[in-house]
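K.L.:
To be precise about what I am sending: the file is called start-v8.cif and holds mmCIF, C-alpha atoms (C1' of nucleotides).
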data_data
loop_
_atom_site.label_atom_id
_atom_site.label_comp_id
_atom_site.auth_asym_id
_atom_site.auth_seq_id
_atom_site.Cartn_x
_atom_site.Cartn_y
_atom_site.Cartn_z
CA MET A 1354 -20.84 15.19 -19.54
CA THR A 1355 -21.03 16.18 -23.20
CA ALA A 1356 -21.99 13.00 -24.98
CA HIS A 1357 -20.98 12.33 -28.55
CA SER A 1358 -22.27 9.74 -30.90
CA HIS A 1359 -19.06 8.40 -32.33
CA THR A 1360 -17.29 5.42 -30.85
CA HIS A 1361 -13.76 6.05 -31.98
CA ASP A 1362 -12.87 9.02 -34.11
CA PRO A 1363 -9.18 9.56 -34.93
CA ALA A 1364 -9.92 13.22 -35.46
CA CYS A 1365 -10.80 13.61 -31.79
CA PRO A 1366 -7.69 14.24 -29.68
CA GLY A 1367 -9.12 12.17 -26.89
CA CYS A 1368 -9.34 9.22 -29.22
CA ALA A 1369 -6.38 9.72 -31.49
CA THR A 1370 -3.66 9.96 -28.89
CA PRO A 1371 -3.64 7.66 -25.95
CA ASP A 1372 -2.11 10.18 -23.60
CA VAL A 1373 -4.06 13.31 -24.21
CA ALA A 1374 -4.58 13.71 -20.48
CA PHE A 1375 -2.20 16.65 -20.28
CA GLY A 1376 -3.58 18.54 -23.25
CA ALA A 1377 -6.77 20.52 -23.56
CA HIS A 1378 -9.44 18.28 -24.99
CA ASP A 1379 -13.14 17.71 -24.98
CA HIS A 1380 -13.28 15.40 -22.08
CA GLY A 1381 -16.85 14.45 -22.85
CA HIS A 1382 -15.41 12.47 -25.71
CA CYS A 1383 -13.22 10.40 -23.44
CA SER A 1384 -16.05 9.53 -21.10
CA ALA A 1385 -18.75 8.90 -23.65
CA ASP A 1386 -16.46 6.91 -25.87
CA VAL A 1387 -15.27 4.69 -23.07
CA MET A 1388 -18.75 4.14 -21.67
CA ALA A 1389 -19.97 3.11 -25.09
CA ARG A 1390 -17.13 0.70 -25.50
CA ALA A 1391 -17.60 -0.67 -22.02
CA ASP A 1392 -21.15 -1.75 -22.85
CA ILE A 1393 -20.00 -3.55 -25.97
CA LEU A 1394 -17.03 -5.14 -24.29
CA LEU A 1395 -18.97 -6.47 -21.34
CA GLN A 1396 -21.74 -7.82 -23.46
CA ALA A 1397 -19.15 -9.72 -25.44
CA ASN A 1398 -17.74 -11.08 -22.19
CA GLY A 1399 -21.11 -12.01 -20.79
CA ALA A 1400 -20.58 -9.69 -17.85
CA ARG A 1401 -23.05 -7.17 -16.48
CA LEU A 1402 -22.51 -3.46 -16.01
CA THR A 1403 -24.78 -3.09 -13.00
CA PRO A 1404 -25.75 0.31 -11.57
CA VAL A 1405 -22.93 0.40 -9.00
CA ARG A 1406 -20.35 -0.69 -11.51
CA ARG A 1407 -21.54 1.74 -14.12
CA ARG A 1408 -21.53 4.55 -11.62
CA VAL A 1409 -18.01 3.74 -10.45
CA LEU A 1410 -16.76 3.77 -14.01
CA GLU A 1411 -18.44 7.12 -14.58
CA ILE A 1412 -16.83 8.50 -11.45
CA LEU A 1413 -13.41 7.31 -12.55
CA LEU A 1414 -14.01 8.85 -15.94
CA GLU A 1415 -14.78 12.28 -14.56
CA ASP A 1416 -11.21 13.28 -15.06
CA HIS A 1417 -7.75 11.97 -15.68
CA ARG A 1418 -6.97 11.25 -12.08
CA ALA A 1419 -6.65 8.24 -9.89
CA LEU A 1420 -9.15 7.83 -7.08
CA GLY A 1421 -8.71 5.82 -3.91
CA ALA A 1422 -11.27 3.15 -3.10
CA TYR A 1423 -12.50 5.18 -0.17
CA ASP A 1424 -12.95 8.26 -2.32
CA VAL A 1425 -15.12 6.25 -4.65
CA LEU A 1426 -16.96 4.75 -1.71
CA GLN A 1427 -17.79 8.18 -0.36
CA ARG A 1428 -19.30 9.17 -3.67
CA LEU A 1429 -21.31 5.97 -3.85
CA ALA A 1430 -22.59 6.30 -0.32
CA ALA A 1431 -23.72 9.86 -1.03
CA GLU A 1432 -25.77 8.53 -3.91
CA GLY A 1433 -27.56 5.88 -1.94
CA PHE A 1434 -25.41 2.85 -2.62
CA GLY A 1435 -23.90 0.81 0.18
CA ASN A 1436 -21.29 2.57 2.22
CA GLN A 1437 -19.02 -0.25 3.29
CA PRO A 1438 -15.58 -0.83 1.73
CA PRO A 1439 -16.47 -4.03 -0.12
CA VAL A 1440 -19.01 -2.15 -2.20
CA ALA A 1441 -16.29 0.01 -3.69
CA TYR A 1442 -13.61 -2.67 -3.85
CA ARG A 1443 -15.86 -5.13 -5.58
CA ALA A 1444 -16.89 -2.72 -8.27
CA LEU A 1445 -13.31 -1.54 -8.76
CA ASP A 1446 -11.94 -5.08 -8.88
CA PHE A 1447 -14.58 -5.96 -11.42
CA LEU A 1448 -13.64 -3.05 -13.64
CA VAL A 1449 -9.97 -3.94 -13.39
CA GLU A 1450 -10.65 -7.56 -14.27
CA GLN A 1451 -12.67 -6.49 -17.28
CA GLY A 1452 -9.93 -4.16 -18.42
CA LEU A 1453 -12.03 -1.05 -17.89
CA ALA A 1454 -9.86 0.34 -15.13
CA HIS A 1455 -6.31 0.06 -13.89
CA ARG A 1456 -4.88 0.01 -10.44
CA VAL A 1457 -2.08 2.50 -9.83
CA ASP A 1458 -0.02 0.78 -7.18
CA ARG A 1459 2.08 3.78 -6.38
CA LEU A 1460 -1.00 5.67 -5.28
CA ASN A 1461 -3.13 2.83 -3.98
CA ALA A 1462 -5.69 4.16 -6.38
CA PHE A 1463 -7.67 3.41 -9.48
CA THR A 1464 -8.05 5.10 -12.82
CA ALA A 1465 -10.27 4.46 -15.81
CA CYS A 1466 -8.66 2.72 -18.74
CA MET A 1467 -8.58 5.12 -21.64
CA HIS A 1468 -8.62 2.53 -24.38
CA PRO A 1469 -10.38 -0.58 -23.16
CA GLY A 1470 -10.55 -3.54 -25.42
CA GLU A 1471 -7.36 -2.67 -27.22
CA ALA A 1472 -4.40 -4.84 -26.36
CA HIS A 1473 -2.05 -2.72 -24.35
CA ALA A 1474 0.32 -2.83 -21.44
CA PRO A 1475 -0.50 0.07 -19.17
CA ALA A 1476 2.15 2.67 -18.43
CA PHE A 1477 1.24 5.62 -16.26
CA LEU A 1478 2.70 9.08 -16.12
CA ILE A 1479 1.77 10.50 -12.76
CA CYS A 1480 2.22 14.20 -12.12
CA ARG A 1481 3.33 14.69 -8.55
CA VAL A 1482 1.90 18.20 -8.44
CA CYS A 1483 -1.56 18.03 -9.99
CA HIS A 1484 -1.95 14.25 -9.68
CA THR A 1485 -3.08 13.87 -13.24
CA VAL A 1486 -2.53 10.34 -14.48
CA ALA A 1487 -1.93 9.73 -18.15
CA GLU A 1488 -1.90 6.34 -19.74
CA ALA A 1489 1.00 6.48 -22.15
CA ALA A 1490 1.87 4.53 -25.25
CA ALA A 1491 3.66 1.64 -23.66
CA MET A 1492 4.11 -0.90 -26.36
CA PRO A 1493 7.79 -0.06 -26.88
CA VAL A 1494 8.28 -0.07 -23.12
CA ARG A 1495 6.69 -3.43 -22.86
CA ALA A 1496 8.79 -4.74 -25.72
CA ALA A 1497 11.99 -3.66 -23.96
CA LEU A 1498 10.78 -5.25 -20.76
CA ASP A 1499 9.93 -8.49 -22.50
CA LYS A 1500 13.38 -8.59 -23.98
CA ALA A 1501 15.05 -8.15 -20.60
CA ALA A 1502 12.82 -10.84 -19.14
CA ARG A 1503 13.49 -13.28 -21.94
CA ALA A 1504 17.20 -12.87 -21.36
CA VAL A 1505 16.83 -14.47 -17.94
CA GLY A 1506 14.11 -16.93 -18.87
CA PHE A 1507 11.34 -15.08 -17.10
CA VAL A 1508 7.84 -15.09 -18.61
CA ILE A 1509 5.86 -11.92 -18.02
CA GLU A 1510 2.15 -12.29 -17.51
CA ARG A 1511 1.27 -8.83 -16.32
CA SER A 1512 3.31 -5.68 -16.17
CA ASN A 1513 2.87 -2.38 -14.50
CA VAL A 1514 4.88 0.67 -15.39
CA GLU A 1515 4.51 3.82 -13.34
CA ALA A 1516 6.51 7.00 -13.71
CA LEU A 1517 6.38 9.91 -11.32
CA GLY A 1518 7.29 13.37 -12.47
CA LEU A 1519 5.98 16.64 -13.79
CA CYS A 1520 3.35 17.14 -16.45
CA PRO A 1521 3.81 19.90 -19.05
CA GLN A 1522 1.54 22.32 -17.19
CA CYS A 1523 3.20 21.87 -13.83
CA GLN A 1524 6.70 22.29 -15.22
CA THR A 1525 5.96 25.92 -15.91
CA GLY A 1526 5.13 26.62 -12.31
CA ALA A 1527 1.41 26.82 -12.98
CA THR A 1528 -0.79 25.23 -10.35
CA CYS A 1529 -2.73 23.32 -13.00
CA MET B 1441 26.72 -15.76 5.14
CA THR B 1442 29.86 -16.71 3.23
CA ALA B 1443 31.82 -13.51 3.06
CA HIS B 1444 34.22 -12.80 0.24
CA SER B 1445 36.87 -10.17 0.01
CA HIS B 1446 36.24 -8.79 -3.42
CA THR B 1447 34.00 -5.82 -4.01
CA HIS B 1448 32.95 -6.39 -7.59
CA ASP B 1449 34.22 -9.32 -9.57
CA PRO B 1450 32.81 -9.81 -13.07
CA ALA B 1451 33.66 -13.48 -12.81
CA CYS B 1452 31.13 -13.86 -10.03
CA PRO B 1453 27.64 -14.49 -11.41
CA GLY B 1454 26.12 -12.44 -8.63
CA CYS B 1455 28.20 -9.49 -9.70
CA ALA B 1456 28.40 -9.89 -13.43
CA THR B 1457 24.72 -10.16 -14.22
CA PRO B 1458 22.23 -7.89 -12.57
CA ASP B 1459 19.49 -10.44 -12.57
CA VAL B 1460 21.11 -13.58 -11.34
CA ALA B 1461 18.32 -14.06 -8.83
CA PHE B 1462 16.85 -16.97 -10.72
CA GLY B 1463 20.12 -18.80 -11.32
CA ALA B 1464 22.19 -20.81 -8.89
CA HIS B 1465 24.85 -18.58 -7.45
CA ASP B 1466 26.94 -18.05 -4.39
CA HIS B 1467 24.56 -15.78 -2.60
CA GLY B 1468 27.20 -14.86 -0.06
CA HIS B 1469 28.73 -12.80 -2.82
CA CYS B 1470 25.60 -10.76 -3.30
CA SER B 1471 25.27 -9.98 0.37
CA ALA B 1472 28.88 -9.31 1.19
CA ASP B 1473 29.38 -7.26 -1.91
CA VAL B 1474 26.38 -5.08 -1.28
CA MET B 1475 27.18 -4.61 2.39
CA ALA B 1476 30.68 -3.51 1.50
CA ARG B 1477 29.38 -1.06 -1.01
CA ALA B 1478 26.76 0.23 1.37
CA ASP B 1479 29.42 1.28 3.86
CA ILE B 1480 31.33 3.19 1.21
CA LEU B 1481 28.24 4.76 -0.28
CA LEU B 1482 26.86 5.97 3.02
CA GLN B 1483 30.16 7.37 4.17
CA ALA B 1484 30.29 9.34 0.94
CA ASN B 1485 26.80 10.64 1.64
CA GLY B 1486 27.55 11.50 5.25
CA ALA B 1487 24.84 9.11 6.40
CA ARG B 1488 25.15 6.52 9.15
CA LEU B 1489 24.51 2.81 8.89
CA THR B 1490 23.30 2.35 12.45
CA PRO B 1491 22.71 -1.11 13.96
CA VAL B 1492 19.00 -1.26 13.09
CA ARG B 1493 19.60 -0.03 9.57
CA ARG B 1494 22.48 -2.42 9.03
CA ARG B 1495 20.44 -5.30 10.35
CA VAL B 1496 17.49 -4.47 8.12
CA LEU B 1497 19.72 -4.38 5.08
CA GLU B 1498 21.19 -7.75 6.08
CA ILE B 1499 17.72 -9.19 6.47
CA LEU B 1500 16.67 -7.94 3.05
CA LEU B 1501 19.84 -9.39 1.60
CA GLU B 1502 19.18 -12.87 2.94
CA ASP B 1503 17.61 -13.83 -0.30
CA HIS B 1504 16.13 -12.46 -3.48
CA ARG B 1505 12.71 -11.81 -2.08
CA ALA B 1506 10.69 -8.83 -1.05
CA LEU B 1507 9.77 -8.54 2.61
CA GLY B 1508 6.87 -6.61 4.07
CA ALA B 1509 7.59 -4.00 6.70
CA TYR B 1510 5.90 -6.13 9.31
CA ASP B 1511 7.99 -9.16 8.40
CA VAL B 1512 11.09 -7.10 8.93
CA LEU B 1513 9.66 -5.71 12.14
CA GLN B 1514 9.07 -9.18 13.51
CA ARG B 1515 12.68 -10.10 12.86
CA LEU B 1516 13.91 -6.93 14.50
CA ALA B 1517 11.72 -7.38 17.55
CA ALA B 1518 12.98 -10.94 17.98
CA GLU B 1519 16.50 -9.56 18.09
CA GLY B 1520 15.84 -6.97 20.74
CA PHE B 1521 15.16 -3.91 18.65
CA GLY B 1522 11.97 -1.92 19.04
CA ASN B 1523 8.82 -3.70 17.98
CA GLN B 1524 6.63 -0.88 16.79
CA PRO B 1525 5.96 -0.22 13.09
CA PRO B 1526 7.92 3.02 12.86
CA VAL B 1527 11.11 1.17 13.73
CA ALA B 1528 10.85 -0.92 10.60
CA TYR B 1529 9.44 1.80 8.36
CA ARG B 1530 12.10 4.29 9.32
CA ALA B 1531 14.94 1.94 8.59
CA LEU B 1532 13.35 0.82 5.33
CA ASP B 1533 12.63 4.37 4.22
CA PHE B 1534 16.19 5.30 4.99
CA LEU B 1535 17.54 2.45 2.89
CA VAL B 1536 15.26 3.38 0.01
CA GLU B 1537 16.32 7.02 0.19
CA GLN B 1538 19.95 6.00 0.13
CA GLY B 1539 19.40 3.74 -2.84
CA LEU B 1540 20.18 0.59 -0.89
CA ALA B 1541 16.70 -0.85 -1.15
CA HIS B 1542 13.67 -0.55 -3.38
CA ARG B 1543 10.01 -0.58 -2.62
CA VAL B 1544 7.97 -3.06 -4.64
CA ASP B 1545 4.59 -1.39 -4.79
CA ARG B 1546 2.78 -4.37 -6.17
CA LEU B 1547 3.65 -6.34 -3.03
CA ASN B 1548 3.73 -3.56 -0.49
CA ALA B 1549 7.18 -4.87 0.23
CA PHE B 1550 10.85 -4.04 0.14
CA THR B 1551 13.85 -5.64 -1.45
CA ALA B 1552 17.57 -4.94 -1.29
CA CYS B 1553 19.06 -3.12 -4.23
CA MET B 1554 21.44 -5.45 -5.99
CA HIS B 1555 23.69 -2.79 -7.44
CA PRO B 1556 23.62 0.27 -5.23
CA GLY B 1557 25.54 3.30 -6.30
CA GLU B 1558 25.25 2.49 -9.97
CA ALA B 1559 22.83 4.66 -11.90
CA HIS B 1560 19.88 2.52 -12.72
CA ALA B 1561 16.13 2.58 -13.04
CA PRO B 1562 14.75 -0.38 -11.16
CA ALA B 1563 12.69 -2.98 -12.99
CA PHE B 1564 11.45 -5.99 -11.08
CA LEU B 1565 10.56 -9.43 -12.28
CA ILE B 1566 8.32 -10.94 -9.65
CA CYS B 1567 7.59 -14.66 -9.72
CA ARG B 1568 4.03 -15.21 -8.62
CA VAL B 1569 4.79 -18.74 -7.46
CA CYS B 1570 8.02 -18.58 -5.49
CA HIS B 1571 7.92 -14.81 -4.94
CA THR B 1572 11.50 -14.36 -5.98
CA VAL B 1573 12.16 -10.80 -7.06
CA ALA B 1574 14.86 -10.09 -9.62
CA GLU B 1575 16.10 -6.66 -10.45
CA ALA B 1576 16.46 -6.70 -14.21
CA ALA B 1577 18.52 -4.66 -16.61
CA ALA B 1578 16.12 -1.80 -17.14
CA MET B 1579 18.07 0.82 -18.98
CA PRO B 1580 16.43 0.02 -22.33
CA VAL B 1581 13.05 -0.06 -20.62
CA ARG B 1582 13.69 3.29 -19.05
CA ALA B 1583 14.83 4.68 -22.38
CA ALA B 1584 11.61 3.60 -24.05
CA LEU B 1585 9.63 5.09 -21.22
CA ASP B 1586 11.51 8.37 -21.41
CA LYS B 1587 10.77 8.55 -25.09
CA ALA B 1588 7.05 8.03 -24.56
CA ALA B 1589 7.07 10.66 -21.83
CA ARG B 1590 8.96 13.17 -23.91
CA ALA B 1591 6.39 12.78 -26.66
CA VAL B 1592 3.74 14.30 -24.39
CA GLY B 1593 6.03 16.74 -22.61
CA PHE B 1594 6.17 14.84 -19.36
CA VAL B 1595 9.40 14.84 -17.34
CA ILE B 1596 10.07 11.62 -15.45
CA GLU B 1597 11.75 11.94 -12.08
CA ARG B 1598 11.30 8.45 -10.77
CA SER B 1599 10.06 5.31 -12.46
CA ASN B 1600 8.96 1.98 -11.23
CA VAL B 1601 8.60 -1.02 -13.47
CA GLU B 1602 7.16 -4.22 -12.09
CA ALA B 1603 6.39 -7.38 -14.01
CA LEU B 1604 4.52 -10.34 -12.61
CA GLY B 1605 5.00 -13.77 -14.09
CA LEU B 1606 6.88 -17.03 -13.83
CA CYS B 1607 10.55 -17.49 -13.16
CA PRO B 1608 12.46 -20.19 -15.07
CA GLN B 1609 12.24 -22.68 -12.21
CA CYS B 1610 8.53 -22.27 -11.65
CA GLN B 1611 7.71 -22.64 -15.33
CA THR B 1612 8.74 -26.27 -15.18
CA GLY B 1613 6.26 -27.03 -12.45
CA ALA B 1614 8.91 -27.25 -9.77
CA THR B 1615 7.89 -25.75 -6.44
CA CYS B 1616 11.12 -23.77 -6.26
"C1'" DT C 285 -42.02 -22.48 -9.52
"C1'" DA C 286 -37.64 -24.23 -8.35
"C1'" DC C 287 -32.96 -23.89 -9.09
"C1'" DA C 288 -28.33 -22.22 -9.62
"C1'" DC C 289 -25.81 -18.25 -10.00
"C1'" DT C 290 -24.40 -13.73 -9.37
"C1'" DA C 291 -24.32 -9.45 -7.13
"C1'" DC C 292 -25.16 -6.58 -3.15
"C1'" DG C 293 -25.17 -4.96 1.68
"C1'" DT C 294 -23.53 -5.65 6.20
"C1'" DT C 295 -20.50 -6.80 10.24
"C1'" DA C 296 -16.18 -7.48 11.62
"C1'" DT C 297 -11.35 -7.56 11.28
"C1'" DA C 298 -6.81 -7.73 8.96
"C1'" DA C 299 -2.87 -5.53 6.93
"C1'" DT C 300 -0.31 -1.54 5.88
"C1'" DA C 301 1.33 3.07 7.20
"C1'" DT C 302 2.05 7.53 9.68
"C1'" DA C 303 1.69 11.41 13.27
"C1'" DA C 304 3.45 13.09 17.36
"C1'" DC C 305 6.22 13.13 21.34
"C1'" DA C 306 9.81 11.67 24.76
"C1'" DA C 307 14.29 10.04 25.61
"C1'" DG C 308 18.83 8.72 24.23
"C1'" DT C 309 23.23 9.29 21.25
"C1'" DC C 310 26.81 11.57 19.07
"C1'" DA C 311 29.82 14.91 17.20
"C1'" DA C 312 31.33 19.87 16.76
"C1'" DG C 313 32.37 24.04 18.76
"C1'" DA C 314 32.53 27.29 22.91
"C1'" DT D 275 34.79 19.61 29.45
"C1'" DC D 276 30.45 21.17 28.70
"C1'" DT D 277 26.87 22.55 25.80
"C1'" DT D 278 24.34 22.67 21.95
"C1'" DG D 279 21.96 20.97 18.03
"C1'" DA D 280 21.03 17.48 14.80
"C1'" DC D 281 19.84 12.98 14.40
"C1'" DT D 282 18.22 8.48 15.91
"C1'" DT D 283 15.43 5.47 18.47
"C1'" DG D 284 11.41 3.89 21.09
"C1'" DT D 285 6.69 4.51 22.27
"C1'" DT D 286 1.61 5.57 22.08
"C1'" DA D 287 -1.96 6.26 19.32
"C1'" DT D 288 -4.34 6.44 15.11
"C1'" DA D 289 -5.04 6.68 10.06
"C1'" DT D 290 -5.46 4.36 5.74
"C1'" DT D 291 -6.12 0.55 2.79
"C1'" DA D 292 -8.08 -4.05 2.12
"C1'" DT D 293 -10.51 -8.55 2.85
"C1'" DA D 294 -13.18 -12.45 5.10
"C1'" DA D 295 -17.52 -14.19 5.94
"C1'" DC D 296 -22.37 -14.35 5.87
"C1'" DG D 297 -27.16 -13.37 4.72
"C1'" DT D 298 -30.32 -11.43 1.28
"C1'" DA D 299 -32.01 -10.19 -3.06
"C1'" DG D 300 -32.12 -10.11 -7.80
"C1'" DT D 301 -31.48 -12.69 -12.54
"C1'" DG D 302 -31.88 -16.06 -15.92
"C1'" DT D 303 -33.09 -20.88 -16.97
"C1'" DA D 304 -35.16 -25.54 -16.81
#
Once more with this new file: its structure as structure tokens, please.

P.N.:
Amino acid sequence: MTAHSHTHDPACPGCATPDVAFGAHDHGHCSADVMARADILLQANGARLTPVRRRVLEILLEDHRALGAYDVLQRLAAEGFGNQPPVAYRALDFLVEQGLAHRVDRLNAFTACMHPGEAHAPAFLICRVCHTVAEAAAMPVRAALDKAARAVGFVIERSNVEALGLCPQCQTGATC
Amino acid sequence: MTAHSHTHDPACPGCATPDVAFGAHDHGHCSADVMARADILLQANGARLTPVRRRVLEILLEDHRALGAYDVLQRLAAEGFGNQPPVAYRALDFLVEQGLAHRVDRLNAFTACMHPGEAHAPAFLICRVCHTVAEAAAMPVRAALDKAARAVGFVIERSNVEALGLCPQCQTGATC
DNA sequence: TACACTACGTTATAATATAACAAGTCAAGA
DNA sequence: TCTTGACTTGTTATATTATAACGTAGTGTA
């Protein structure tokens, strides 16, 4: 992982656009930036980024994909952590609670949050070919959803938007 | 089930508004209307609404809730159909394919589509207290999502929008 | 140190979902 | 009418995803 010292640089594609997943970018930025923010965020929350939790976040950050709990577990086990399901689920649930990861229901899988700490309603663009998961700018989506909900008196507490389709690369027939 | 003869009457709350789930309404309308449409739709598609499939759709239509595959299976078994998982999953998958039901990923459950045949992107409002599931007007939501996707060159084929929160009844503290 | 609290590792099991095959149904054409 | 082929159902078996419950160990604080 190529670490960088900045925390949030608008000149870096990985930081400037929330959904850079499909474009070429220095992925080291994404990872390092998020890890740095995670430390700050958790400290503010009085929560601890223990070795297992940190490692799980790193694993999720390796690329813009969603990993199943058992995939994560396998990685953990290979590195000397416990190898029973709760080990993975607990760390993943923790990260989700803290806003550092999201659960992608459609895939029964988890993905690192690409802009933790910022208020945002997650919306995922899932490529059905290469399985890349991008977290898209969802504020307008959320606004439209809120409006529809308000019309029937429903109060939204949490929303999850997931779209399945083809990423730019896979549309051209490339294998990604 | 109180059957009615009309197929789609704008004067009927269950027909006029797509998300009547939370309001008082003659639910017989919903069921009868959808069943009638299902027959037409399937005939047009050259697909068959066999006894199991019909029964599953009826079960889903009993109220505005999402049922797990095993809940459906239990009902089927009690009525003399097969009692192994594939029986339920096959019927449910068929209904989803035909656009007569939707899968609610968040709940690992299925719910009847309230306006089959009409072009629509499903958006669900799920009450976390009474578990009522309403299918909301999602065209604006889908439009916003499409726009966000287009911005990064992603082509959406299928989208799933699920919001968790409180329905009007449950906001007041009533048990629903 | 003693205490409360949190996190971790383990065993066991629950809940959800699918693969693969055999047997029955139905409609279209020989 | 008979046959064929596609489709549907039922069954066995198993895969995948997820949680309950309990004991132990680490962490910070009085």

K.L.:
Taking all atoms listed in the file into account and nothing else, which residues of chain D lie no more than 12 Å away from chain B? Please answer as number ranges by chain.

P.N.:
D: 281-287, 291

K.L.:
Report the residues retrieved by the PyMOL selection byres ((chain B) within 7 of (chain A)) from the displayed file, expressed as a VMD selection string.

P.N.:
chain B and resid 1545 to 1546 1576 to 1577 1580 to 1581 1584 to 1585 1588 1593 to 1608

K.L.:
Given the selection you just returned, output its residues as a file containing C-alpha atoms, formatted as a tab-separated table (two decimals), keeping the file's coordinate frame.

P.N.:
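File written: selection.tsv
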chain	number	residue	atom	x	y	z
B	1545	ASP	CA	4.59	-1.39	-4.79
B	1546	ARG	CA	2.78	-4.37	-6.17
B	1576	ALA	CA	16.46	-6.70	-14.21
B	1577	ALA	CA	18.52	-4.66	-16.61
B	1580	PRO	CA	16.43	0.02	-22.33
B	1581	VAL	CA	13.05	-0.06	-20.62
B	1584	ALA	CA	11.61	3.60	-24.05
B	1585	LEU	CA	9.63	5.09	-21.22
B	1588	ALA	CA	7.05	8.03	-24.56
B	1593	GLY	CA	6.03	16.74	-22.61
B	1594	PHE	CA	6.17	14.84	-19.36
B	1595	VAL	CA	9.40	14.84	-17.34
B	1596	ILE	CA	10.07	11.62	-15.45
B	1597	GLU	CA	11.75	11.94	-12.08
B	1598	ARG	CA	11.30	8.45	-10.77
B	1599	SER	CA	10.06	5.31	-12.46
B	1600	ASN	CA	8.96	1.98	-11.23
B	1601	VAL	CA	8.60	-1.02	-13.47
B	1602	GLU	CA	7.16	-4.22	-12.09
B	1603	ALA	CA	6.39	-7.38	-14.01
B	1604	LEU	CA	4.52	-10.34	-12.61
B	1605	GLY	CA	5.00	-13.77	-14.09
B	1606	LEU	CA	6.88	-17.03	-13.83
B	1607	CYS	CA	10.55	-17.49	-13.16
B	1608	PRO	CA	12.46	-20.19	-15.07

K.L.:
Output as JSON lines one row per residue of chain B within 9 Å of chain C: the closest atom pair and its distance in Å to one decimal place, counting all atoms listed in the file, sorted by chain and residue number ascending.

P.N.:
{"residue": "B:Gly1508", "atom": "CA", "partner": "C:DT300", "partner_atom": "C1'", "distance": 9.0}
{"residue": "B:Ala1509", "atom": "CA", "partner": "C:DT300", "partner_atom": "C1'", "distance": 8.3}
{"residue": "B:Tyr1510", "atom": "CA", "partner": "C:DT300", "partner_atom": "C1'", "distance": 8.4}
{"residue": "B:Pro1525", "atom": "CA", "partner": "C:DA301", "partner_atom": "C1'", "distance": 8.2}
{"residue": "B:Pro1526", "atom": "CA", "partner": "C:DT302", "partner_atom": "C1'", "distance": 8.1}
{"residue": "B:Tyr1529", "atom": "CA", "partner": "C:DA301", "partner_atom": "C1'", "distance": 8.3}
{"residue": "B:Asn1548", "atom": "CA", "partner": "C:DT300", "partner_atom": "C1'", "distance": 7.8}

K.L.:
So the first atom is CA of Gly1486 (chain B) and the second is CA of Leu1513 (chain B); what is the distance between them in Å, to one decimal place?

P.N.:
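That distance, rounded to one decimal, is 25.8 Å.
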
K.L.:
Calculate how many Å separate CA of Leu1497 (chain B) from CA of Ala1472 (chain B), rounding to one decimal.

P.N.:
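These two atoms are separated by 11.1 Å.
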
K.L.:
Between CA of Val1482 (chain A) and CA of Ala1430 (chain A), what is the spacing in Å?

P.N.:
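Distance between the two atoms: 28.4 Å.
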
K.L.:
Could you give me, as a VMD selection string, the residues that have an atom at most 10 Å away from the point (-16.6, -2.8, -26.3) in the coordinates of the file, using all atoms listed in the file?

P.N.:
chain A and resid 1360 1386 to 1398 1453 1468 to 1471

K.L.:
Box for region 1411-1427 of chain A - axis-aligned, 6 Å on each of the six sides, all listed atoms - centre and size in Å to one decimal, as lines of an AutoDock Vina configuration file.

P.N.:
center_x = -12.5
center_y = 8.2
center_z = -8.1
size_x = 23.8
size_y = 22.1
size_z = 27.8

K.L.:
I'd like the residues picked by the PyMOL selection byres ((chain A and resi 1414) around 12) written out as a count of residues only, using the chain letters and numbers from the file.

P.N.:
36
